[in-house]
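Enquirer: So that you have it, the file is work.csv, and it contains CSV, C-alpha atoms:
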chain,number,residue,atom,x,y,z
A,1,MET,CA,0.0,0.0,0.0
A,2,PHE,CA,1.4,3.3,-1.0
A,3,THR,CA,1.7,6.8,0.3
A,4,PRO,CA,-0.5,9.1,-1.7
A,5,PRO,CA,1.4,12.0,-3.2
A,6,GLU,CA,-0.1,14.7,-1.1
A,7,SER,CA,3.2,16.3,-0.1
A,8,SER,CA,4.2,19.7,-1.3
A,9,PRO,CA,7.4,19.7,-3.4
A,10,ARG,CA,10.4,21.4,-1.8
A,11,SER,CA,14.1,21.5,-2.3
A,12,PRO,CA,15.9,18.9,-0.2
A,13,SER,CA,18.2,21.6,1.2
A,14,ASP,CA,18.7,25.3,1.2
A,15,GLN,CA,20.4,24.8,-2.1
A,16,SER,CA,18.4,24.4,-5.3
A,17,PRO,CA,18.4,20.8,-6.6
A,18,GLU,CA,20.7,22.1,-9.5
A,19,SER,CA,23.4,23.2,-7.1
A,20,ALA,CA,23.1,20.1,-4.8
A,21,PRO,CA,25.0,17.5,-6.9
A,22,GLU,CA,23.8,14.6,-4.8
A,23,ILE,CA,20.2,15.0,-6.1
A,24,PRO,CA,19.7,14.9,-9.9
A,25,SER,CA,18.1,18.0,-11.5
A,26,GLY,CA,14.3,18.3,-11.3
A,27,PHE,CA,13.8,16.1,-8.2
A,28,HIS,CA,12.1,17.6,-5.1
A,29,ALA,CA,12.0,16.0,-1.7
A,30,LEU,CA,8.7,14.6,-0.5
A,31,THR,CA,8.5,16.6,2.7
A,32,ASP,CA,5.0,16.1,3.8
A,33,VAL,CA,5.1,12.4,4.2
A,34,SER,CA,4.8,10.5,7.5
A,35,GLY,CA,5.2,7.0,8.8
A,36,PHE,CA,7.2,4.5,6.8
A,37,ALA,CA,8.1,6.9,4.0
A,38,ALA,CA,9.4,9.5,6.5
A,39,ALA,CA,11.3,6.9,8.6
A,40,ASN,CA,13.0,5.5,5.5
A,41,GLY,CA,13.5,8.7,3.5
A,42,PRO,CA,14.2,11.2,2.2
A,43,TRP,CA,12.4,10.2,-0.9
A,44,PHE,CA,12.3,12.5,-4.0
A,45,GLU,CA,10.0,13.0,-7.0
A,46,LYS,CA,10.1,14.5,-10.4
A,47,ILE,CA,7.1,14.9,-12.7
A,48,GLU,CA,8.0,14.4,-16.4
A,49,ASN,CA,5.3,14.5,-19.1
A,50,GLY,CA,2.6,14.0,-16.5
A,51,ARG,CA,4.3,10.9,-15.0
A,52,ALA,CA,6.0,10.7,-11.7
A,53,ILE,CA,9.5,9.4,-11.2
A,54,ARG,CA,10.6,8.6,-7.6
A,55,GLY,CA,14.2,8.7,-6.5
A,56,PHE,CA,16.3,8.1,-3.4
A,57,ARG,CA,19.9,7.5,-2.5
A,58,PRO,CA,20.2,4.5,-0.2
A,59,GLY,CA,22.3,4.7,2.9
A,60,PRO,CA,23.4,2.3,5.7
A,61,GLN,CA,19.9,2.5,7.2
A,62,HIS,CA,18.5,0.8,4.0
A,63,ALA,CA,21.1,-2.1,4.0
A,64,ASN,CA,20.8,-5.8,4.7
A,65,ALA,CA,23.5,-7.9,6.3
A,66,LEU,CA,25.3,-8.2,3.0
A,67,GLY,CA,25.8,-4.5,2.7
A,68,ILE,CA,23.5,-3.9,-0.2
A,69,VAL,CA,20.0,-2.4,-0.2
A,70,HIS,CA,17.5,-4.6,1.6
A,71,GLY,CA,15.2,-6.3,-0.9
A,72,GLY,CA,12.2,-5.3,1.3
A,73,MET,CA,13.3,-1.7,1.1
A,74,LEU,CA,13.4,-1.9,-2.7
A,75,ALA,CA,10.0,-3.6,-2.7
A,76,ALA,CA,8.6,-0.8,-0.6
A,77,PHE,CA,10.0,2.0,-2.7
A,78,LEU,CA,8.8,0.4,-6.0
A,79,ASP,CA,5.3,-0.3,-4.5
A,80,SER,CA,5.0,3.4,-3.5
A,81,ALA,CA,6.1,4.5,-7.0
A,82,MET,CA,3.5,2.2,-8.6
A,83,GLY,CA,0.8,3.5,-6.4
A,84,THR,CA,1.8,7.1,-7.2
A,85,ALA,CA,1.5,6.2,-10.9
A,86,VAL,CA,-2.1,5.2,-10.3
A,87,TRP,CA,-2.7,8.6,-8.7
A,88,HIS,CA,-1.2,10.5,-11.6
A,89,ALA,CA,-2.9,8.4,-14.3
A,90,LEU,CA,-6.4,8.0,-12.8
A,91,GLY,CA,-6.7,10.6,-9.9
A,92,ARG,CA,-7.5,7.8,-7.5
A,93,ARG,CA,-5.9,6.6,-4.3
A,94,ALA,CA,-5.1,2.9,-4.3
A,95,VAL,CA,-4.0,0.0,-2.1
A,96,THR,CA,-1.9,-2.9,-3.3
A,97,LEU,CA,-3.8,-6.2,-3.9
A,98,ARG,CA,-1.0,-8.2,-5.6
A,99,LEU,CA,2.6,-7.5,-6.3
A,100,SER,CA,5.0,-9.7,-8.3
A,101,LEU,CA,8.7,-8.8,-8.0
A,102,ASP,CA,11.8,-9.9,-10.0
A,103,TYR,CA,15.1,-9.0,-8.5
A,104,LEU,CA,17.4,-8.3,-11.4
A,105,GLY,CA,20.5,-6.8,-9.8
A,106,PRO,CA,21.7,-5.4,-6.5
A,107,GLY,CA,20.9,-1.9,-5.2
A,108,ARG,CA,24.2,-0.4,-4.0
A,109,LEU,CA,24.5,2.0,-1.1
A,110,GLY,CA,25.3,5.5,-2.3
A,111,ASP,CA,23.9,5.0,-5.8
A,112,TRP,CA,21.0,7.2,-6.9
A,113,LEU,CA,18.1,4.8,-7.6
A,114,GLN,CA,14.9,5.7,-9.4
A,115,ALA,CA,11.5,4.0,-9.7
A,116,GLU,CA,8.4,4.5,-11.8
A,117,GLY,CA,5.1,2.9,-12.6
A,118,GLU,CA,2.9,2.7,-15.6
A,119,VAL,CA,-0.8,1.9,-15.6
A,120,ILE,CA,-1.3,-0.7,-18.3
A,121,GLY,CA,-5.0,-1.3,-17.7
A,122,HIS,CA,-7.9,-0.7,-15.3
A,123,ASP,CA,-11.6,-0.9,-14.7
A,124,GLU,CA,-13.6,0.9,-12.1
A,125,HIS,CA,-12.2,-1.1,-9.2
A,126,VAL,CA,-8.7,-2.3,-10.1
A,127,ALA,CA,-5.6,-0.9,-11.9
A,128,GLN,CA,-2.9,-3.1,-13.4
A,129,VAL,CA,0.5,-1.5,-13.0
A,130,ARG,CA,4.0,-2.3,-14.4
A,131,GLY,CA,6.9,-0.9,-12.4
A,132,ARG,CA,10.7,-0.7,-12.6
A,133,LEU,CA,13.4,0.3,-10.2
A,134,TYR,CA,16.8,1.0,-11.7
A,135,GLY,CA,20.2,2.7,-11.2
A,136,ARG,CA,22.3,4.6,-13.7
A,137,ARG,CA,23.6,1.5,-15.4
A,138,HIS,CA,21.4,-1.4,-14.5
A,139,GLU,CA,17.9,-2.6,-13.7
A,140,VAL,CA,17.4,-3.5,-10.1
A,141,LEU,CA,13.8,-4.7,-9.7
A,142,ALA,CA,10.8,-5.3,-12.0
A,143,GLY,CA,7.3,-5.3,-10.7
A,144,LEU,CA,3.8,-6.1,-11.8
A,145,GLY,CA,0.9,-5.3,-9.5
A,146,ALA,CA,-2.8,-5.0,-9.1
A,147,PHE,CA,-4.1,-2.0,-7.1
A,148,ALA,CA,-7.6,-1.6,-5.7
A,149,LEU,CA,-8.9,1.9,-6.5
A,150,LEU,CA,-10.5,3.8,-3.6
A,151,SER,CA,-13.4,6.1,-4.4
A,152,ARG,CA,-12.5,9.8,-4.2
A,153,ALA,CA,-15.2,10.4,-1.6
A,154,ARG,CA,-15.0,7.4,0.6
A,155,THR,CA,-12.6,7.3,3.6
A,156,PHE,CA,-10.6,4.1,3.6
A,157,GLU,CA,-11.9,1.5,6.0
A,158,THR,CA,-9.8,-1.5,7.0
A,159,ARG,CA,-11.2,-4.8,6.0
A,160,SER,CA,-12.2,-7.6,8.4
B,1,MET,CA,17.1,-10.0,0.3
B,2,PHE,CA,17.1,-10.9,3.9
B,3,THR,CA,19.0,-10.3,7.0
B,4,PRO,CA,20.7,-13.6,8.1
B,5,PRO,CA,19.8,-14.6,11.6
B,6,GLU,CA,23.2,-14.0,13.1
B,7,SER,CA,21.9,-12.0,16.1
B,8,SER,CA,22.1,-13.3,19.6
B,9,PRO,CA,18.7,-13.7,21.3
B,10,ARG,CA,18.0,-11.3,24.1
B,11,SER,CA,15.0,-10.2,26.0
B,12,PRO,CA,13.5,-7.1,24.6
B,13,SER,CA,13.7,-5.3,28.0
B,14,ASP,CA,14.9,-5.9,31.5
B,15,GLN,CA,11.8,-7.9,32.0
B,16,SER,CA,11.6,-11.5,30.8
B,17,PRO,CA,9.3,-11.9,27.7
B,18,GLU,CA,6.8,-13.7,30.0
B,19,SER,CA,6.4,-10.6,32.2
B,20,ALA,CA,6.4,-8.1,29.3
B,21,PRO,CA,2.8,-8.5,28.1
B,22,GLU,CA,3.5,-6.6,24.9
B,23,ILE,CA,5.7,-9.4,23.5
B,24,PRO,CA,4.2,-12.9,23.4
B,25,SER,CA,5.9,-15.6,25.3
B,26,GLY,CA,9.0,-17.2,23.7
B,27,PHE,CA,10.0,-14.3,21.5
B,28,HIS,CA,13.4,-12.7,21.7
B,29,ALA,CA,14.4,-9.4,20.2
B,30,LEU,CA,16.9,-9.5,17.3
B,31,THR,CA,19.5,-7.2,18.9
B,32,ASP,CA,22.5,-7.7,16.6
B,33,VAL,CA,20.8,-6.6,13.4
B,34,SER,CA,21.9,-3.5,11.5
B,35,GLY,CA,20.7,-1.4,8.5
B,36,PHE,CA,17.1,-1.7,7.5
B,37,ALA,CA,16.1,-4.3,10.1
B,38,ALA,CA,17.5,-2.1,12.9
B,39,ALA,CA,16.0,1.1,11.5
B,40,ASN,CA,12.5,-0.5,11.2
B,41,GLY,CA,12.7,-2.7,14.3
B,42,PRO,CA,12.6,-4.0,16.9
B,43,TRP,CA,12.0,-7.4,15.3
B,44,PHE,CA,11.5,-10.5,17.4
B,45,GLU,CA,12.0,-14.2,16.8
B,46,LYS,CA,10.9,-17.5,18.3
B,47,ILE,CA,12.3,-20.9,17.4
B,48,GLU,CA,9.6,-23.6,17.5
B,49,ASN,CA,10.3,-27.2,16.4
B,50,GLY,CA,13.4,-26.0,14.5
B,51,ARG,CA,11.4,-23.4,12.6
B,52,ALA,CA,11.7,-19.6,13.1
B,53,ILE,CA,8.7,-17.4,13.7
B,54,ARG,CA,9.3,-13.7,13.4
B,55,GLY,CA,7.1,-11.1,15.1
B,56,PHE,CA,6.8,-7.3,15.5
B,57,ARG,CA,4.4,-4.8,16.7
B,58,PRO,CA,3.9,-2.0,14.1
B,59,GLY,CA,3.9,1.6,15.2
B,60,PRO,CA,3.5,5.0,13.5
B,61,GLN,CA,6.9,4.7,11.9
B,62,HIS,CA,5.6,1.7,9.9
B,63,ALA,CA,2.4,3.4,8.6
B,64,ASN,CA,1.3,4.6,5.2
B,65,ALA,CA,-0.9,7.7,4.7
B,66,LEU,CA,-4.0,5.6,5.4
B,67,GLY,CA,-2.9,4.9,8.9
B,68,ILE,CA,-2.3,1.2,8.5
B,69,VAL,CA,1.0,-0.7,8.0
B,70,HIS,CA,2.7,0.2,4.8
B,71,GLY,CA,2.5,-2.6,2.3
B,72,GLY,CA,6.2,-2.3,1.6
B,73,MET,CA,7.0,-2.7,5.3
B,74,LEU,CA,4.9,-5.9,5.3
B,75,ALA,CA,6.7,-7.1,2.2
B,76,ALA,CA,10.1,-6.5,3.8
B,77,PHE,CA,9.2,-8.3,7.0
B,78,LEU,CA,7.8,-11.3,5.2
B,79,ASP,CA,10.8,-11.4,2.9
B,80,SER,CA,13.1,-11.5,5.9
B,81,ALA,CA,11.1,-14.2,7.5
B,82,MET,CA,11.2,-16.3,4.3
B,83,GLY,CA,15.0,-15.8,4.0
B,84,THR,CA,15.4,-16.9,7.7
B,85,ALA,CA,13.4,-20.0,6.9
B,86,VAL,CA,16.0,-20.9,4.2
B,87,TRP,CA,18.7,-20.5,6.8
B,88,HIS,CA,17.1,-22.7,9.4
B,89,ALA,CA,16.1,-25.4,6.8
B,90,LEU,CA,19.2,-25.6,4.7
B,91,GLY,CA,22.0,-23.7,6.7
B,92,ARG,CA,22.6,-21.4,3.7
B,93,ARG,CA,22.3,-17.7,3.3
B,94,ALA,CA,20.1,-16.6,0.5
B,95,VAL,CA,19.1,-13.6,-1.6
B,96,THR,CA,15.7,-13.1,-3.1
B,97,LEU,CA,15.3,-13.7,-6.8
B,98,ARG,CA,11.5,-13.5,-7.1
B,99,LEU,CA,8.7,-12.7,-4.7
B,100,SER,CA,5.0,-12.9,-5.3
B,101,LEU,CA,2.8,-11.2,-2.8
B,102,ASP,CA,-1.0,-11.3,-2.1
B,103,TYR,CA,-2.4,-8.7,0.2
B,104,LEU,CA,-5.2,-10.4,2.1
B,105,GLY,CA,-6.0,-7.9,4.9
B,106,PRO,CA,-4.7,-4.8,6.5
B,107,GLY,CA,-2.0,-4.7,9.2
B,108,ARG,CA,-3.1,-2.5,12.0
B,109,LEU,CA,-0.8,-0.4,14.1
B,110,GLY,CA,-0.4,-1.8,17.6
B,111,ASP,CA,-1.4,-5.3,16.7
B,112,TRP,CA,1.2,-8.1,17.1
B,113,LEU,CA,2.0,-9.5,13.7
B,114,GLN,CA,3.9,-12.7,12.9
B,115,ALA,CA,5.6,-14.0,9.8
B,116,GLU,CA,7.1,-17.4,8.9
B,117,GLY,CA,8.4,-19.2,5.9
B,118,GLU,CA,8.5,-22.8,4.7
B,119,VAL,CA,11.0,-24.3,2.3
B,120,ILE,CA,8.8,-26.3,-0.1
B,121,GLY,CA,11.6,-27.3,-2.5
B,122,HIS,CA,15.2,-26.7,-3.4
B,123,ASP,CA,18.2,-27.8,-5.5
B,124,GLU,CA,21.8,-26.7,-5.1
B,125,HIS,CA,21.2,-23.2,-6.2
B,126,VAL,CA,17.6,-22.1,-5.5
B,127,ALA,CA,15.1,-22.6,-2.8
B,128,GLN,CA,11.3,-22.3,-3.2
B,129,VAL,CA,9.7,-20.7,-0.2
B,130,ARG,CA,6.1,-20.2,0.9
B,131,GLY,CA,5.4,-17.5,3.4
B,132,ARG,CA,2.6,-16.0,5.5
B,133,LEU,CA,2.2,-12.9,7.6
B,134,TYR,CA,-0.7,-12.8,10.0
B,135,GLY,CA,-2.3,-11.2,13.0
B,136,ARG,CA,-4.2,-12.9,15.8
B,137,ARG,CA,-7.4,-13.1,13.9
B,138,HIS,CA,-6.7,-12.8,10.2
B,139,GLU,CA,-4.2,-13.4,7.4
B,140,VAL,CA,-2.4,-10.2,6.2
B,141,LEU,CA,0.0,-11.2,3.4
B,142,ALA,CA,0.7,-14.5,1.5
B,143,GLY,CA,4.0,-14.9,-0.3
B,144,LEU,CA,5.7,-17.3,-2.7
B,145,GLY,CA,9.4,-16.7,-3.5
B,146,ALA,CA,12.5,-18.1,-5.1
B,147,PHE,CA,15.8,-17.5,-3.2
B,148,ALA,CA,19.3,-17.9,-4.6
B,149,LEU,CA,21.4,-20.0,-2.2
B,150,LEU,CA,24.9,-18.6,-1.4
B,151,SER,CA,27.7,-21.0,-0.8
B,152,ARG,CA,28.9,-21.1,2.8
B,153,ALA,CA,32.4,-20.2,1.9
B,154,ARG,CA,31.9,-17.6,-0.7
B,155,THR,CA,31.6,-13.9,0.2
B,156,PHE,CA,28.6,-12.4,-1.5
B,157,GLU,CA,29.6,-10.4,-4.6
B,158,THR,CA,27.2,-8.0,-6.2
B,159,ARG,CA,26.2,-8.9,-9.7
B,160,SER,CA,26.8,-6.7,-12.8
Would you give me this structure, written as structure tokens?

Expert:
Amino acid sequence: MFTPPESSPRSPSDQSPESAPEIPSGFHALTDVSGFAAANGPWFEKIENGRAIRGFRPGPQHANALGIVHGGMLAAFLDSAMGTAVWHALGRRAVTLRLSLDYLGPGRLGDWLQAEGEVIGHDEHVAQVRGRLYGRRHEVLAGLGAFALLSRARTFETRS
Amino acid sequence: MFTPPESSPRSPSDQSPESAPEIPSGFHALTDVSGFAAANGPWFEKIENGRAIRGFRPGPQHANALGIVHGGMLAAFLDSAMGTAVWHALGRRAVTLRLSLDYLGPGRLGDWLQAEGEVIGHDEHVAQVRGRLYGRRHEVLAGLGAFALLSRARTFETRS
């Protein structure tokens, strides 16, 4: 389940993104997030041709015991990017129903990683989303997911 | 990719688990973890009939914007439990190759959640693992994964 993109874009520091070499141009920190996204951030976003690209630079707090990015952290980041894609394509919040993940290569600490989703089909209730998470030179994680679309008016109620 | 269970069991507080009502009997905190598991812990473990059961009690730092446990956090916790199952069944460290997840119900903040994995097949290189994450009264997440087995002697090297 993803964090809806209700945050206001802001530069990750007092510097503009252009003068802060660690964050690629055009990305803004998601500053209004809470919970898991805040605890495991900062996460960044760029809107390009109406589509959202998420980015982050993993540090030691994202590592597993092997010293590379924890596969669960990668799963969480891609899941969020795919949910954000639903928001931008359909204007609906969504929760994850199914997620299939293929780990293609390691995520290395210190590398800038990006993730994005594409809505490849939907009806009134469910969106099918393809996602990818990648570094500068290689693919890291491929995802395929089904997301339940929440109505705009209805407050989300937990099931069972 | 999971955090190998190299931590030494220890009580989560000065009290024994039995007298600390928030942690069910028999669970010990994983105290020697680092990185993602430490940043998103504390995580607990109980060994029962040679199999590991992981547990944690989600708080606000594990939530999504809807106020329930972030789906990515659930994915990460189950992935780790499934990797731990490989360790206990085969004595081999492992990294996730594929993971298929079905979200069956919400994880609520404050509830005690448990996760466990079962190795349902393997050869020299890959283990097939079934996993479940559940609360006291309902199933939360079902997983099916393939894990690459690392040799005991070889230090893990990142691919590509």

Enquirer: Report, in Å with one decimal, the straight-line distance from atom CA of Gly143 of chain A to atom CA of Ser100 of chain A.

Expert: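 So the answer is 5.5 Å.
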
Enquirer: Counting all atoms listed in the file, which of B:Ala52, B:Leu97, B:Val69, B:Val119 gets nearest to chain A?

Expert: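 Of B:Ala52, B:Leu97, B:Val69, B:Val119, the one nearest chain A, counting all atoms listed in the file, is B:Leu97.
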
Enquirer: With 6 Å as the limit and counting only C-alpha atoms, what residues in chain B lie close to chain A? Please list them as a list in words.

Expert: Met1, Thr3, Gly35, Phe36, Ala39, Pro60, Gln61, His62, Ala63, Asn64, Ala65, His70, Gly71, Gly72, Ala75, Ala76, Leu97, Arg98, Leu99, Ser100, Leu101, Asp102 and Tyr103 of chain B

Enquirer: Take the residues from that selection and put them in a file with C-alpha atoms, as an mmCIF file, in the coordinates of the input.

Expert:
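again-v5.cif, freshly written:
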data_model
loop_
_atom_site.group_PDB
_atom_site.id
_atom_site.type_symbol
_atom_site.label_atom_id
_atom_site.label_comp_id
_atom_site.auth_asym_id
_atom_site.auth_seq_id
_atom_site.Cartn_x
_atom_site.Cartn_y
_atom_site.Cartn_z
ATOM 1 C CA MET B 1 17.100 -10.000 0.300
ATOM 2 C CA THR B 3 19.000 -10.300 7.000
ATOM 3 C CA GLY B 35 20.700 -1.400 8.500
ATOM 4 C CA PHE B 36 17.100 -1.700 7.500
ATOM 5 C CA ALA B 39 16.000 1.100 11.500
ATOM 6 C CA PRO B 60 3.500 5.000 13.500
ATOM 7 C CA GLN B 61 6.900 4.700 11.900
ATOM 8 C CA HIS B 62 5.600 1.700 9.900
ATOM 9 C CA ALA B 63 2.400 3.400 8.600
ATOM 10 C CA ASN B 64 1.300 4.600 5.200
ATOM 11 C CA ALA B 65 -0.900 7.700 4.700
ATOM 12 C CA HIS B 70 2.700 0.200 4.800
ATOM 13 C CA GLY B 71 2.500 -2.600 2.300
ATOM 14 C CA GLY B 72 6.200 -2.300 1.600
ATOM 15 C CA ALA B 75 6.700 -7.100 2.200
ATOM 16 C CA ALA B 76 10.100 -6.500 3.800
ATOM 17 C CA LEU B 97 15.300 -13.700 -6.800
ATOM 18 C CA ARG B 98 11.500 -13.500 -7.100
ATOM 19 C CA LEU B 99 8.700 -12.700 -4.700
ATOM 20 C CA SER B 100 5.000 -12.900 -5.300
ATOM 21 C CA LEU B 101 2.800 -11.200 -2.800
ATOM 22 C CA ASP B 102 -1.000 -11.300 -2.100
ATOM 23 C CA TYR B 103 -2.400 -8.700 0.200
#

Enquirer: So the first atom is atom CA of Ala127 of chain B and the second is atom CA of Leu133 of chain A; what is the distance between them in Å, to one decimal place?

Expert: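 Distance reported for this atom pair: 24.1 Å.
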
Enquirer: So the first atom is atom CA of Ile47 of chain B and the second is atom CA of Ser25 of chain B; what is the distance between them in Å, to one decimal place?

Expert: 11.5 Å

Enquirer: Quick one: of A:Glu22, A:Glu48, A:Glu116, A:Asp111, who's nearest to Arg132 of chain A, counting all atoms listed in the file?

Expert: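 Of the candidates, the smallest distance to Arg132 of chain A is held by A:Glu116.
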
Enquirer: Could you give me, as an MDAnalysis selection string, the residues within 6 Å of Phe44 of chain A, counting only C-alpha atoms and dropping anything in the same chain fewer than 5 positions from it?

Expert: chainID A and resid 27:30 54:56

Enquirer: So, counting only C-alpha atoms, which residue among A:Trp43, A:Gly83, A:Gly26, A:Ile53 is closest to Val129 of chain A?

Expert: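 Between A:Trp43, A:Gly83, A:Gly26, A:Ile53, the residue approaching Val129 of chain A most closely is A:Gly83.
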
Enquirer: With only C-alpha atoms as the atoms that count, which of A:Ala94, A:Leu113, A:Ile120, A:Ala81 lies nearest to Phe147 of chain A?

Expert: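 Of all the options, A:Ala94 lies closest to Phe147 of chain A.
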
Enquirer: Which residues come within 10 Å of Arg51 of chain B, counting only C-alpha atoms, excluding same-chain residues fewer than 6 positions away, as a ChimeraX atom specification?

Expert: /B:84-89,116-118

Enquirer: For segment 110-136 of chain A, where the input has fewer atoms than it should, I would like N, CA and C atoms rebuilt and written as a short mmCIF file (atom, residue, chain, number, x, y, z; two decimals), in the frame of the given file.

Expert:
data_model
loop_
_atom_site.label_atom_id
_atom_site.label_comp_id
_atom_site.auth_asym_id
_atom_site.auth_seq_id
_atom_site.Cartn_x
_atom_site.Cartn_y
_atom_site.Cartn_z
N GLY A 110 24.64 4.35 -1.69
CA GLY A 110 25.30 5.50 -2.30
C GLY A 110 24.88 5.82 -3.69
N ASP A 111 24.39 4.80 -4.41
CA ASP A 111 23.90 5.00 -5.80
C ASP A 111 22.57 5.71 -5.79
N TRP A 112 22.32 6.57 -6.74
CA TRP A 112 21.00 7.20 -6.90
C TRP A 112 20.12 6.13 -7.64
N LEU A 113 18.99 5.79 -7.01
CA LEU A 113 18.10 4.80 -7.60
C LEU A 113 16.74 5.49 -7.93
N GLN A 114 16.14 5.10 -9.03
CA GLN A 114 14.90 5.70 -9.40
C GLN A 114 13.82 4.55 -9.63
N ALA A 115 12.57 4.92 -9.47
CA ALA A 115 11.50 4.00 -9.70
C ALA A 115 10.31 4.67 -10.31
N GLU A 116 9.60 3.95 -11.18
CA GLU A 116 8.40 4.50 -11.80
C GLU A 116 7.43 3.42 -12.14
N GLY A 117 6.17 3.82 -12.25
CA GLY A 117 5.10 2.90 -12.60
C GLY A 117 4.36 3.33 -13.80
N GLU A 118 3.70 2.39 -14.47
CA GLU A 118 2.90 2.70 -15.60
C GLU A 118 1.58 1.90 -15.54
N VAL A 119 0.46 2.60 -15.59
CA VAL A 119 -0.80 1.90 -15.60
C VAL A 119 -1.08 1.32 -16.94
N ILE A 120 -1.16 0.00 -17.01
CA ILE A 120 -1.30 -0.70 -18.30
C ILE A 120 -2.71 -1.17 -18.53
N GLY A 121 -3.60 -0.96 -17.55
CA GLY A 121 -5.00 -1.30 -17.70
C GLY A 121 -5.74 -1.07 -16.44
N HIS A 122 -7.07 -0.87 -16.55
CA HIS A 122 -7.90 -0.70 -15.30
C HIS A 122 -9.34 -0.74 -15.65
N ASP A 123 -10.14 -1.06 -14.64
CA ASP A 123 -11.60 -0.90 -14.70
C ASP A 123 -11.98 0.06 -13.59
N GLU A 124 -13.22 -0.02 -13.13
CA GLU A 124 -13.60 0.90 -12.10
C GLU A 124 -12.99 0.57 -10.72
N HIS A 125 -12.57 -0.66 -10.57
CA HIS A 125 -12.20 -1.10 -9.20
C HIS A 125 -10.67 -1.43 -9.10
N VAL A 126 -10.05 -1.84 -10.19
CA VAL A 126 -8.70 -2.30 -10.10
C VAL A 126 -7.81 -1.76 -11.23
N ALA A 127 -6.60 -1.38 -10.91
CA ALA A 127 -5.60 -0.90 -11.90
C ALA A 127 -4.48 -1.95 -11.98
N GLN A 128 -4.04 -2.25 -13.21
CA GLN A 128 -2.90 -3.10 -13.40
C GLN A 128 -1.68 -2.20 -13.69
N VAL A 129 -0.61 -2.42 -12.98
CA VAL A 129 0.50 -1.50 -13.00
C VAL A 129 1.83 -2.26 -13.24
N ARG A 130 2.64 -1.74 -14.16
CA ARG A 130 4.00 -2.30 -14.40
C ARG A 130 4.97 -1.30 -13.73
N GLY A 131 5.97 -1.81 -13.07
CA GLY A 131 6.90 -0.90 -12.40
C GLY A 131 8.36 -1.36 -12.64
N ARG A 132 9.26 -0.39 -12.56
CA ARG A 132 10.70 -0.70 -12.60
C ARG A 132 11.47 0.16 -11.66
N LEU A 133 12.50 -0.42 -11.10
CA LEU A 133 13.40 0.30 -10.20
C LEU A 133 14.82 0.07 -10.78
N TYR A 134 15.57 1.15 -10.93
CA TYR A 134 16.80 1.00 -11.70
C TYR A 134 17.84 2.06 -11.20
N GLY A 135 19.12 1.73 -11.43
CA GLY A 135 20.20 2.70 -11.20
C GLY A 135 20.66 3.27 -12.49
N ARG A 136 21.80 3.89 -12.47
CA ARG A 136 22.30 4.60 -13.70
C ARG A 136 22.63 3.62 -14.77
#
